[in-house]
Each structure stands twice: as C-alpha cells, then as structure tokens.
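> The file below is work-v5.tsv, TSV, N, CA and C atoms:
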```tsv
chain	number	residue	atom	x	y	z
A	1	MET	N	88.69	-6.08	38.05
A	1	MET	CA	88.50	-5.41	39.32
A	1	MET	C	87.58	-6.28	40.18
A	2	ILE	N	88.08	-6.69	41.29
A	2	ILE	CA	87.34	-7.55	42.19
A	2	ILE	C	86.85	-6.72	43.37
A	3	ILE	N	85.54	-6.80	43.61
A	3	ILE	CA	84.95	-6.09	44.75
A	3	ILE	C	84.82	-7.10	45.88
A	4	THR	N	85.42	-6.76	46.97
A	4	THR	CA	85.38	-7.67	48.11
A	4	THR	C	84.15	-7.42	48.96
A	5	LEU	N	83.79	-8.42	49.71
A	5	LEU	CA	82.65	-8.32	50.61
A	5	LEU	C	82.87	-7.23	51.65
A	6	GLN	N	84.12	-7.06	52.05
A	6	GLN	CA	84.45	-6.04	53.06
A	6	GLN	C	84.17	-4.63	52.52
A	7	LYS	N	84.52	-4.38	51.25
A	7	LYS	CA	84.28	-3.06	50.65
A	7	LYS	C	82.78	-2.79	50.51
A	8	VAL	N	82.02	-3.80	50.12
A	8	VAL	CA	80.58	-3.64	49.98
A	8	VAL	C	79.95	-3.36	51.34
A	9	THR	N	80.39	-4.05	52.38
A	9	THR	CA	79.87	-3.85	53.72
A	9	THR	C	80.17	-2.44	54.21
A	10	LYS	N	81.38	-1.94	53.96
A	10	LYS	CA	81.73	-0.57	54.37
A	10	LYS	C	80.86	0.45	53.63
A	11	PHE	N	80.64	0.21	52.34
A	11	PHE	CA	79.83	1.13	51.56
A	11	PHE	C	78.39	1.17	52.08
A	12	VAL	N	77.81	0.02	52.31
A	12	VAL	CA	76.44	-0.06	52.80
A	12	VAL	C	76.32	0.57	54.19
A	13	ALA	N	77.30	0.31	55.06
A	13	ALA	CA	77.28	0.90	56.40
A	13	ALA	C	77.38	2.42	56.31
A	14	SER	N	78.23	2.92	55.42
A	14	SER	CA	78.36	4.38	55.24
A	14	SER	C	77.06	4.99	54.73
A	15	LEU	N	76.43	4.31	53.79
A	15	LEU	CA	75.18	4.80	53.23
A	15	LEU	C	74.08	4.85	54.30
A	16	ILE	N	74.00	3.83	55.11
A	16	ILE	CA	73.01	3.80	56.19
A	16	ILE	C	73.27	4.92	57.19
A	17	LEU	N	74.53	5.15	57.54
A	17	LEU	CA	74.88	6.22	58.47
A	17	LEU	C	74.49	7.58	57.91
A	18	ILE	N	74.73	7.81	56.63
A	18	ILE	CA	74.37	9.08	56.01
A	18	ILE	C	72.85	9.28	56.04
A	19	LEU	N	72.10	8.23	55.74
A	19	LEU	CA	70.63	8.34	55.78
A	19	LEU	C	70.11	8.61	57.18
A	20	ILE	N	70.74	8.00	58.18
A	20	ILE	CA	70.33	8.25	59.57
A	20	ILE	C	70.58	9.70	59.95
A	21	ILE	N	71.72	10.24	59.52
A	21	ILE	CA	72.06	11.63	59.85
A	21	ILE	C	71.12	12.60	59.12
A	22	LEU	N	70.80	12.33	57.87
A	22	LEU	CA	69.99	13.25	57.07
A	22	LEU	C	68.49	13.10	57.31
A	23	GLN	N	68.04	12.06	57.96
A	23	GLN	CA	66.61	11.80	58.15
A	23	GLN	C	65.87	12.96	58.81
A	24	PRO	N	66.38	13.54	59.91
A	24	PRO	CA	65.65	14.68	60.50
A	24	PRO	C	65.54	15.87	59.56
A	25	ILE	N	66.56	16.10	58.75
A	25	ILE	CA	66.53	17.22	57.80
A	25	ILE	C	65.49	16.95	56.73
A	26	ILE	N	65.42	15.73	56.25
A	26	ILE	CA	64.45	15.38	55.21
A	26	ILE	C	63.03	15.51	55.75
A	27	VAL	N	62.79	15.05	56.95
A	27	VAL	CA	61.46	15.14	57.56
A	27	VAL	C	61.06	16.60	57.75
A	28	TYR	N	61.98	17.44	58.23
A	28	TYR	CA	61.68	18.86	58.44
A	28	TYR	C	61.38	19.54	57.11
A	29	ALA	N	62.14	19.20	56.07
A	29	ALA	CA	61.94	19.82	54.77
A	29	ALA	C	60.57	19.47	54.20
A	30	ASP	N	60.07	18.28	54.49
A	30	ASP	CA	58.76	17.87	53.99
A	30	ASP	C	57.63	18.66	54.63
A	31	GLN	N	57.83	19.16	55.85
A	31	GLN	CA	56.78	19.90	56.53
A	31	GLN	C	56.43	21.18	55.78
A	32	GLY	N	57.39	21.86	55.25
A	32	GLY	CA	57.16	23.11	54.58
A	32	GLY	C	56.91	24.24	55.57
A	33	THR	N	56.88	25.44	55.06
A	33	THR	CA	56.60	26.59	55.91
A	33	THR	C	55.38	27.32	55.37
A	34	GLY	N	54.79	28.08	56.25
A	34	GLY	CA	53.61	28.83	55.87
A	34	GLY	C	53.61	30.20	56.53
A	35	SER	N	52.49	30.87	56.41
A	35	SER	CA	52.37	32.21	56.99
A	35	SER	C	50.96	32.41	57.55
A	36	ILE	N	50.89	33.32	58.49
A	36	ILE	CA	49.60	33.71	59.07
A	36	ILE	C	49.46	35.22	58.93
A	37	GLU	N	48.39	35.65	58.29
A	37	GLU	CA	48.12	37.07	58.16
A	37	GLU	C	47.17	37.47	59.29
A	38	ILE	N	47.64	38.40	60.13
A	38	ILE	CA	46.78	38.88	61.21
A	38	ILE	C	46.22	40.26	60.84
A	39	ASP	N	44.94	40.42	61.09
A	39	ASP	CA	44.26	41.70	60.86
A	39	ASP	C	43.71	42.13	62.22
A	40	VAL	N	44.31	43.18	62.78
A	40	VAL	CA	43.94	43.63	64.12
A	40	VAL	C	42.99	44.82	63.99
A	41	ARG	N	41.85	44.69	64.67
A	41	ARG	CA	40.83	45.74	64.63
A	41	ARG	C	40.38	46.08	66.04
A	42	TYR	N	39.91	47.32	66.19
A	42	TYR	CA	39.33	47.74	67.46
A	42	TYR	C	37.92	47.18	67.59
A	43	THR	N	37.36	47.29	68.79
A	43	THR	CA	36.00	46.78	69.03
A	43	THR	C	34.94	47.49	68.20
A	44	ASN	N	35.26	48.69	67.69
A	44	ASN	CA	34.31	49.40	66.81
A	44	ASN	C	34.53	49.03	65.33
A	45	HIS	N	35.37	48.02	65.07
A	45	HIS	CA	35.66	47.46	63.75
A	45	HIS	C	36.60	48.30	62.90
A	46	ASP	N	37.13	49.40	63.43
A	46	ASP	CA	38.16	50.15	62.71
A	46	ASP	C	39.47	49.38	62.78
A	47	ARG	N	40.26	49.48	61.72
A	47	ARG	CA	41.57	48.83	61.72
A	47	ARG	C	42.46	49.51	62.75
A	48	ALA	N	43.14	48.72	63.56
A	48	ALA	CA	43.98	49.25	64.64
A	48	ALA	C	45.28	49.85	64.10
A	49	ASP	N	45.77	50.84	64.80
A	49	ASP	CA	47.03	51.49	64.47
A	49	ASP	C	48.18	50.55	64.81
A	50	TYR	N	49.00	50.20	63.81
A	50	TYR	CA	50.05	49.21	64.01
A	50	TYR	C	51.34	49.78	64.59
A	51	TYR	N	51.50	51.09	64.64
A	51	TYR	CA	52.76	51.69	65.10
A	51	TYR	C	53.10	51.31	66.53
A	52	SER	N	52.12	51.14	67.36
A	52	SER	CA	52.38	50.84	68.77
A	52	SER	C	52.19	49.36	69.11
A	53	MET	N	52.05	48.51	68.08
A	53	MET	CA	51.76	47.09	68.32
A	53	MET	C	52.99	46.21	68.27
A	54	ALA	N	52.94	45.16	69.09
A	54	ALA	CA	53.94	44.09	69.08
A	54	ALA	C	53.18	42.77	69.12
A	55	VAL	N	53.83	41.71	68.65
A	55	VAL	CA	53.19	40.40	68.58
A	55	VAL	C	54.15	39.33	69.08
A	56	LYS	N	53.61	38.40	69.87
A	56	LYS	CA	54.37	37.21	70.29
A	56	LYS	C	53.66	35.99	69.72
A	57	VAL	N	54.43	35.11	69.09
A	57	VAL	CA	53.89	33.91	68.48
A	57	VAL	C	54.43	32.70	69.23
A	58	TYR	N	53.53	31.87	69.72
A	58	TYR	CA	53.90	30.65	70.44
A	58	TYR	C	53.52	29.45	69.59
A	59	GLN	N	54.41	28.46	69.52
A	59	GLN	CA	54.15	27.25	68.73
A	59	GLN	C	53.67	26.13	69.64
A	60	ASP	N	52.62	25.47	69.23
A	60	ASP	CA	52.00	24.37	69.97
A	60	ASP	C	51.70	24.82	71.40
A	61	PHE	N	52.22	24.15	72.41
A	61	PHE	CA	51.89	24.51	73.79
A	61	PHE	C	53.09	25.09	74.53
A	62	SER	N	54.04	25.62	73.78
A	62	SER	CA	55.24	26.19	74.38
A	62	SER	C	54.91	27.49	75.13
A	63	THR	N	55.66	27.72	76.20
A	63	THR	CA	55.52	28.98	76.95
A	63	THR	C	56.60	29.97	76.55
A	64	ILE	N	57.49	29.56	75.66
A	64	ILE	CA	58.55	30.42	75.15
A	64	ILE	C	58.16	30.86	73.74
A	65	PRO	N	58.18	32.17	73.46
A	65	PRO	CA	57.76	32.63	72.13
A	65	PRO	C	58.61	32.02	71.01
A	66	TYR	N	57.94	31.55	69.96
A	66	TYR	CA	58.61	31.06	68.76
A	66	TYR	C	59.11	32.25	67.96
A	67	LYS	N	58.32	33.31	67.93
A	67	LYS	CA	58.72	34.58	67.30
A	67	LYS	C	58.26	35.71	68.20
A	68	ASP	N	59.10	36.71	68.31
A	68	ASP	CA	58.78	37.90	69.08
A	68	ASP	C	58.96	39.09	68.14
A	69	ILE	N	57.87	39.64	67.68
A	69	ILE	CA	57.90	40.74	66.71
A	69	ILE	C	57.64	42.03	67.48
A	70	SER	N	58.69	42.80	67.69
A	70	SER	CA	58.60	43.97	68.57
A	70	SER	C	57.94	45.18	67.92
A	71	SER	N	57.87	45.17	66.60
A	71	SER	CA	57.27	46.32	65.91
A	71	SER	C	56.67	45.85	64.59
A	72	LEU	N	55.39	46.11	64.39
A	72	LEU	CA	54.74	45.74	63.14
A	72	LEU	C	54.98	46.82	62.09
A	73	SER	N	55.06	46.39	60.83
A	73	SER	CA	55.29	47.34	59.74
A	73	SER	C	54.01	47.63	58.96
A	74	ALA	N	52.94	46.91	59.27
A	74	ALA	CA	51.66	47.11	58.57
A	74	ALA	C	50.55	46.41	59.35
A	75	ASN	N	49.32	46.74	58.98
A	75	ASN	CA	48.16	46.03	59.51
A	75	ASN	C	47.15	45.96	58.37
A	76	PRO	N	46.88	44.78	57.81
A	76	PRO	CA	47.25	43.46	58.28
A	76	PRO	C	48.76	43.20	58.15
A	77	TYR	N	49.23	42.28	59.00
A	77	TYR	CA	50.64	41.92	59.05
A	77	TYR	C	50.78	40.43	58.76
A	78	ASN	N	51.77	40.07	57.94
A	78	ASN	CA	51.99	38.68	57.56
A	78	ASN	C	53.14	38.10	58.38
A	79	ILE	N	52.86	37.11	59.21
A	79	ILE	CA	53.88	36.41	59.99
A	79	ILE	C	54.36	35.24	59.12
A	80	VAL	N	55.61	35.28	58.69
A	80	VAL	CA	56.12	34.31	57.72
A	80	VAL	C	57.07	33.30	58.36
A	81	SER	N	57.43	32.30	57.57
A	81	SER	CA	58.40	31.25	57.94
A	81	SER	C	57.95	30.45	59.16
A	82	LEU	N	56.69	30.08	59.20
A	82	LEU	CA	56.16	29.25	60.27
A	82	LEU	C	56.00	27.82	59.75
A	83	PRO	N	56.56	26.84	60.44
A	83	PRO	CA	56.39	25.45	59.99
A	83	PRO	C	54.91	25.05	59.98
A	84	VAL	N	54.49	24.45	58.88
A	84	VAL	CA	53.12	23.96	58.74
A	84	VAL	C	52.93	22.72	59.61
A	85	GLY	N	51.71	22.50	60.07
A	85	GLY	CA	51.41	21.32	60.87
A	85	GLY	C	51.51	21.57	62.36
A	86	HIS	N	51.49	22.84	62.75
A	86	HIS	CA	51.56	23.21	64.17
A	86	HIS	C	50.41	24.15	64.51
A	87	LYS	N	50.13	24.24	65.79
A	87	LYS	CA	49.15	25.21	66.29
A	87	LYS	C	49.91	26.41	66.82
A	88	TYR	N	49.37	27.59	66.57
A	88	TYR	CA	50.03	28.83	66.99
A	88	TYR	C	49.09	29.68	67.83
A	89	LYS	N	49.65	30.21	68.91
A	89	LYS	CA	48.94	31.18	69.75
A	89	LYS	C	49.60	32.52	69.47
A	90	ILE	N	48.79	33.52	69.14
A	90	ILE	CA	49.32	34.84	68.79
A	90	ILE	C	48.78	35.85	69.78
A	91	GLU	N	49.71	36.48	70.52
A	91	GLU	CA	49.35	37.51	71.49
A	91	GLU	C	49.68	38.87	70.89
A	92	VAL	N	48.75	39.80	71.01
A	92	VAL	CA	48.94	41.16	70.51
A	92	VAL	C	49.09	42.10	71.69
A	93	TYR	N	50.08	42.97	71.59
A	93	TYR	CA	50.34	43.99	72.61
A	93	TYR	C	50.22	45.36	71.95
A	94	ALA	N	49.53	46.28	72.61
A	94	ALA	CA	49.39	47.65	72.13
A	94	ALA	C	49.93	48.59	73.20
A	95	ASN	N	50.82	49.47	72.80
A	95	ASN	CA	51.46	50.41	73.74
A	95	ASN	C	52.11	49.68	74.92
A	96	GLY	N	52.68	48.51	74.64
A	96	GLY	CA	53.38	47.75	75.67
A	96	GLY	C	52.50	46.95	76.61
A	97	MET	N	51.18	47.00	76.39
A	97	MET	CA	50.25	46.28	77.26
A	97	MET	C	49.54	45.18	76.48
A	98	TYR	N	49.28	44.06	77.16
A	98	TYR	CA	48.55	42.96	76.53
A	98	TYR	C	47.20	43.45	76.04
A	99	ALA	N	46.83	43.06	74.80
A	99	ALA	CA	45.55	43.49	74.23
A	99	ALA	C	44.62	42.33	73.90
A	100	SER	N	45.15	41.26	73.28
A	100	SER	CA	44.28	40.15	72.89
A	100	SER	C	45.10	38.95	72.44
A	101	THR	N	44.41	37.81	72.27
A	101	THR	CA	45.04	36.57	71.82
A	101	THR	C	44.17	35.92	70.75
A	102	GLY	N	44.84	35.29	69.79
A	102	GLY	CA	44.14	34.51	68.77
A	102	GLY	C	44.88	33.20	68.54
A	103	TYR	N	44.18	32.23	67.97
A	103	TYR	CA	44.75	30.89	67.76
A	103	TYR	C	44.55	30.45	66.32
A	104	VAL	N	45.58	29.77	65.78
A	104	VAL	CA	45.52	29.23	64.42
A	104	VAL	C	46.14	27.84	64.42
A	105	ASP	N	45.48	26.91	63.74
A	105	ASP	CA	46.04	25.58	63.48
A	105	ASP	C	46.50	25.61	62.03
A	106	LEU	N	47.79	25.84	61.82
A	106	LEU	CA	48.34	26.06	60.48
A	106	LEU	C	48.57	24.73	59.78
A	107	GLN	N	47.65	24.34	58.90
A	107	GLN	CA	47.76	23.09	58.15
A	107	GLN	C	48.05	23.33	56.67
A	108	ASN	N	47.90	24.57	56.21
A	108	ASN	CA	48.16	24.93	54.82
A	108	ASN	C	49.26	25.98	54.77
A	109	ALA	N	49.65	26.36	53.57
A	109	ALA	CA	50.73	27.33	53.42
A	109	ALA	C	50.35	28.72	53.90
A	110	HIS	N	49.06	29.02	53.96
A	110	HIS	CA	48.64	30.36	54.39
A	110	HIS	C	47.32	30.27	55.15
A	111	ASP	N	47.24	31.06	56.20
A	111	ASP	CA	45.99	31.17	56.98
A	111	ASP	C	45.86	32.62	57.43
A	112	SER	N	44.68	33.00	57.83
A	112	SER	CA	44.47	34.37	58.31
A	112	SER	C	43.77	34.34	59.66
A	113	LEU	N	43.96	35.42	60.41
A	113	LEU	CA	43.39	35.52	61.75
A	113	LEU	C	42.96	36.95	61.99
A	114	ASP	N	41.71	37.12	62.37
A	114	ASP	CA	41.19	38.43	62.77
A	114	ASP	C	41.25	38.52	64.28
A	115	ILE	N	41.86	39.59	64.78
A	115	ILE	CA	42.00	39.79	66.22
A	115	ILE	C	41.37	41.13	66.57
A	116	THR	N	40.55	41.13	67.60
A	116	THR	CA	39.90	42.36	68.07
A	116	THR	C	40.54	42.78	69.38
A	117	ILE	N	40.92	44.07	69.45
A	117	ILE	CA	41.52	44.62	70.67
A	117	ILE	C	40.66	45.79	71.16
A	118	PRO	N	40.76	46.10	72.45
A	118	PRO	CA	39.98	47.23	72.98
A	118	PRO	C	40.43	48.57	72.38
A	119	LEU	N	39.52	49.50	72.32
A	119	LEU	CA	39.87	50.86	71.90
A	119	LEU	C	40.85	51.47	72.89
A	120	PRO	N	41.77	52.31	72.44
A	120	PRO	CA	42.68	52.97	73.38
A	120	PRO	C	41.88	53.77	74.41
A	121	GLY	N	42.24	53.65	75.66
A	121	GLY	CA	41.56	54.37	76.72
A	121	GLY	C	40.40	53.62	77.33
A	122	ASP	N	40.03	52.46	76.76
A	122	ASP	CA	38.93	51.66	77.35
A	122	ASP	C	39.42	50.81	78.48
```
Show me the file's structure as structure tokens.


Amino acid sequence: MIITLQKVTKFVASLILILIILQPIIVYADQGTGSIEIDVRYTNHDRADYYSMAVKVYQDFSTIPYKDISSLSANPYNIVSLPVGHKYKIEVYANGMYASTGYVDLQNAHDSLDITIPLPGD
C-alpha cells in the first residue's frame, strides 16, 4: 500500500480544518460554568419575601440581560449555568419595581452575594 503525498496533504488539511472549527468549542468548554447564590434581605436584616421578586443578570458590561428570572423559587436563590471568568451585575426587583443591585466577579465555580433592599412601603 503506497501512500501518496497528495493523500497525506488532504488528510493534514482536513485535520487542520477540523481543529479550526472546534477551537471555539474547546475554549468555551475550558471556561466551565459556575453559580451565584444571592441572599436578599431587607434593611432591618430580615430575609426578604421571594414571592414578589424578580432578578436580571447582566454579563460583563452588556446592557442586555444574560438571564431574566421572572420569579424566584427561594431566598437564598442560586443562579446557575453562568460562565466562569466574567463579571455579573445582578438587579433585584420587588413587586415589579427596581430594588437594588449587586456585583460579582465570578472566578470560581461558586460565589455568593448579599443584597439589601428597602422594606416594603419605605
């Protein structure tokens, strides 16, 4: 079986093309994902009622929400599937109104953020 130079060249070119196509996927996979646990409390330090809360998560300096969580299921709440190595701005809304903002630089698989919001009626 004789391998020609033309066949070797085609194989190498195909291999390089595959690596170029897969490179962004490999880089993204290396970043990994993480989570941010938010604990929302009132100014009197009582844990806030999560039934009326919504959260918007912005990645880096984007003005478009990366995640828009319209209803929380608990407080503290775990925001999952966030790519590690980014900065996140987290806005909390209570009863449909803006309440507070917190910031996290997510460099590890898990981070936590305490957010204080005004008491209802203040």

> Extract, using only N, CA and C atoms, all DNA, RNA and protein residues at most 6.5 Å from Tyr58 in chain A, discarding same-chain residues fewer than 5 positions from it, and format them as a VMD selection string.

chain A and resid 64 to 67 87 to 91

> Measuring atom to atom with all atoms listed in the file, identify which of A:Lys10, A:Lys56, A:Arg41, A:His86 is nearest to Val104 in chain A.

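That would be A:His86, the residue with the smallest distance to Val104 in chain A.
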
> Report the residues of range 21-70 of chain A whose backbone DSSP state falls under alpha helix (DSSP H), written as a ChimeraX atom specification.

/A:21-31

> Can I get the selected residues back with N, CA and C atoms, as a JSON list (two decimals), in the coordinates of the input?


```json
[["chain", "number", "residue", "atom", "x", "y", "z"],
["A", 21, "ILE", "N", 71.72, 10.24, 59.52],
["A", 21, "ILE", "CA", 72.06, 11.63, 59.85],
["A", 21, "ILE", "C", 71.12, 12.60, 59.12],
["A", 22, "LEU", "N", 70.80, 12.33, 57.87],
["A", 22, "LEU", "CA", 69.99, 13.25, 57.07],
["A", 22, "LEU", "C", 68.49, 13.10, 57.31],
["A", 23, "GLN", "N", 68.04, 12.06, 57.96],
["A", 23, "GLN", "CA", 66.61, 11.80, 58.15],
["A", 23, "GLN", "C", 65.87, 12.96, 58.81],
["A", 24, "PRO", "N", 66.38, 13.54, 59.91],
["A", 24, "PRO", "CA", 65.65, 14.68, 60.50],
["A", 24, "PRO", "C", 65.54, 15.87, 59.56],
["A", 25, "ILE", "N", 66.56, 16.10, 58.75],
["A", 25, "ILE", "CA", 66.53, 17.22, 57.80],
["A", 25, "ILE", "C", 65.49, 16.95, 56.73],
["A", 26, "ILE", "N", 65.42, 15.73, 56.25],
["A", 26, "ILE", "CA", 64.45, 15.38, 55.21],
["A", 26, "ILE", "C", 63.03, 15.51, 55.75],
["A", 27, "VAL", "N", 62.79, 15.05, 56.95],
["A", 27, "VAL", "CA", 61.46, 15.14, 57.56],
["A", 27, "VAL", "C", 61.06, 16.60, 57.75],
["A", 28, "TYR", "N", 61.98, 17.44, 58.23],
["A", 28, "TYR", "CA", 61.68, 18.86, 58.44],
["A", 28, "TYR", "C", 61.38, 19.54, 57.11],
["A", 29, "ALA", "N", 62.14, 19.20, 56.07],
["A", 29, "ALA", "CA", 61.94, 19.82, 54.77],
["A", 29, "ALA", "C", 60.57, 19.47, 54.20],
["A", 30, "ASP", "N", 60.07, 18.28, 54.49],
["A", 30, "ASP", "CA", 58.76, 17.87, 53.99],
["A", 30, "ASP", "C", 57.63, 18.66, 54.63],
["A", 31, "GLN", "N", 57.83, 19.16, 55.85],
["A", 31, "GLN", "CA", 56.78, 19.90, 56.53],
["A", 31, "GLN", "C", 56.43, 21.18, 55.78]]
```

> Quick one, how far is CA of Gly32 in chain A from atom N of Gln107 in chain A?

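These two atoms are separated by 10.5 Å.
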
> Give the answer as one residue: which of A:Ser52, A:Thr33, A:Thr9, A:Ser71 has the shortest atom-to-atom distance to Gly96 in chain A, using only N, CA and C atoms?

A:Ser52

> List as a tab-separated table (two decimals) with N, CA and C atoms, keeping the file's coordinate frame the protein and nucleic acid residues near range 81-83 of chain A, meaning an atom at most 7 Å away when all atoms listed in the file are counted, but skip any in the same chain fewer than 5 places from it.


```
chain	number	residue	atom	x	y	z
A	31	GLN	N	57.83	19.16	55.85
A	31	GLN	CA	56.78	19.90	56.53
A	31	GLN	C	56.43	21.18	55.78
A	32	GLY	N	57.39	21.86	55.25
A	32	GLY	CA	57.16	23.11	54.58
A	32	GLY	C	56.91	24.24	55.57
A	33	THR	N	56.88	25.44	55.06
A	33	THR	CA	56.60	26.59	55.91
A	33	THR	C	55.38	27.32	55.37
A	34	GLY	N	54.79	28.08	56.25
A	34	GLY	CA	53.61	28.83	55.87
A	34	GLY	C	53.61	30.20	56.53
A	35	SER	N	52.49	30.87	56.41
A	35	SER	CA	52.37	32.21	56.99
A	35	SER	C	50.96	32.41	57.55
A	36	ILE	N	50.89	33.32	58.49
A	36	ILE	CA	49.60	33.71	59.07
A	36	ILE	C	49.46	35.22	58.93
A	106	LEU	N	47.79	25.84	61.82
A	106	LEU	CA	48.34	26.06	60.48
A	106	LEU	C	48.57	24.73	59.78
```

> One decimal, in Å: what's the spacing between atom N of Glu37 in chain A and atom C of Gly121 in chain A?

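So the answer is 27.4 Å.
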
> May I ask which of the residues A:Ile38, A:Leu5, A:Ile18, A:Val80 is the closest one to Ser112 in chain A, counting all atoms listed in the file?

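Smallest distance to Ser112 in chain A is found for A:Ile38.
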
> For the atom pair atom N of Val40 in chain A and CA of Asn108 in chain A, what is the interatomic distance in Å to one decimal place?

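So the answer is 20.3 Å.
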
> Determine which residues of chain A DSSP labels as strand (DSSP E) from the backbone of this structure, then write them out as number ranges by chain.

A: 33-42, 53-59, 67-69, 77-83, 86-94, 97-106, 110-117
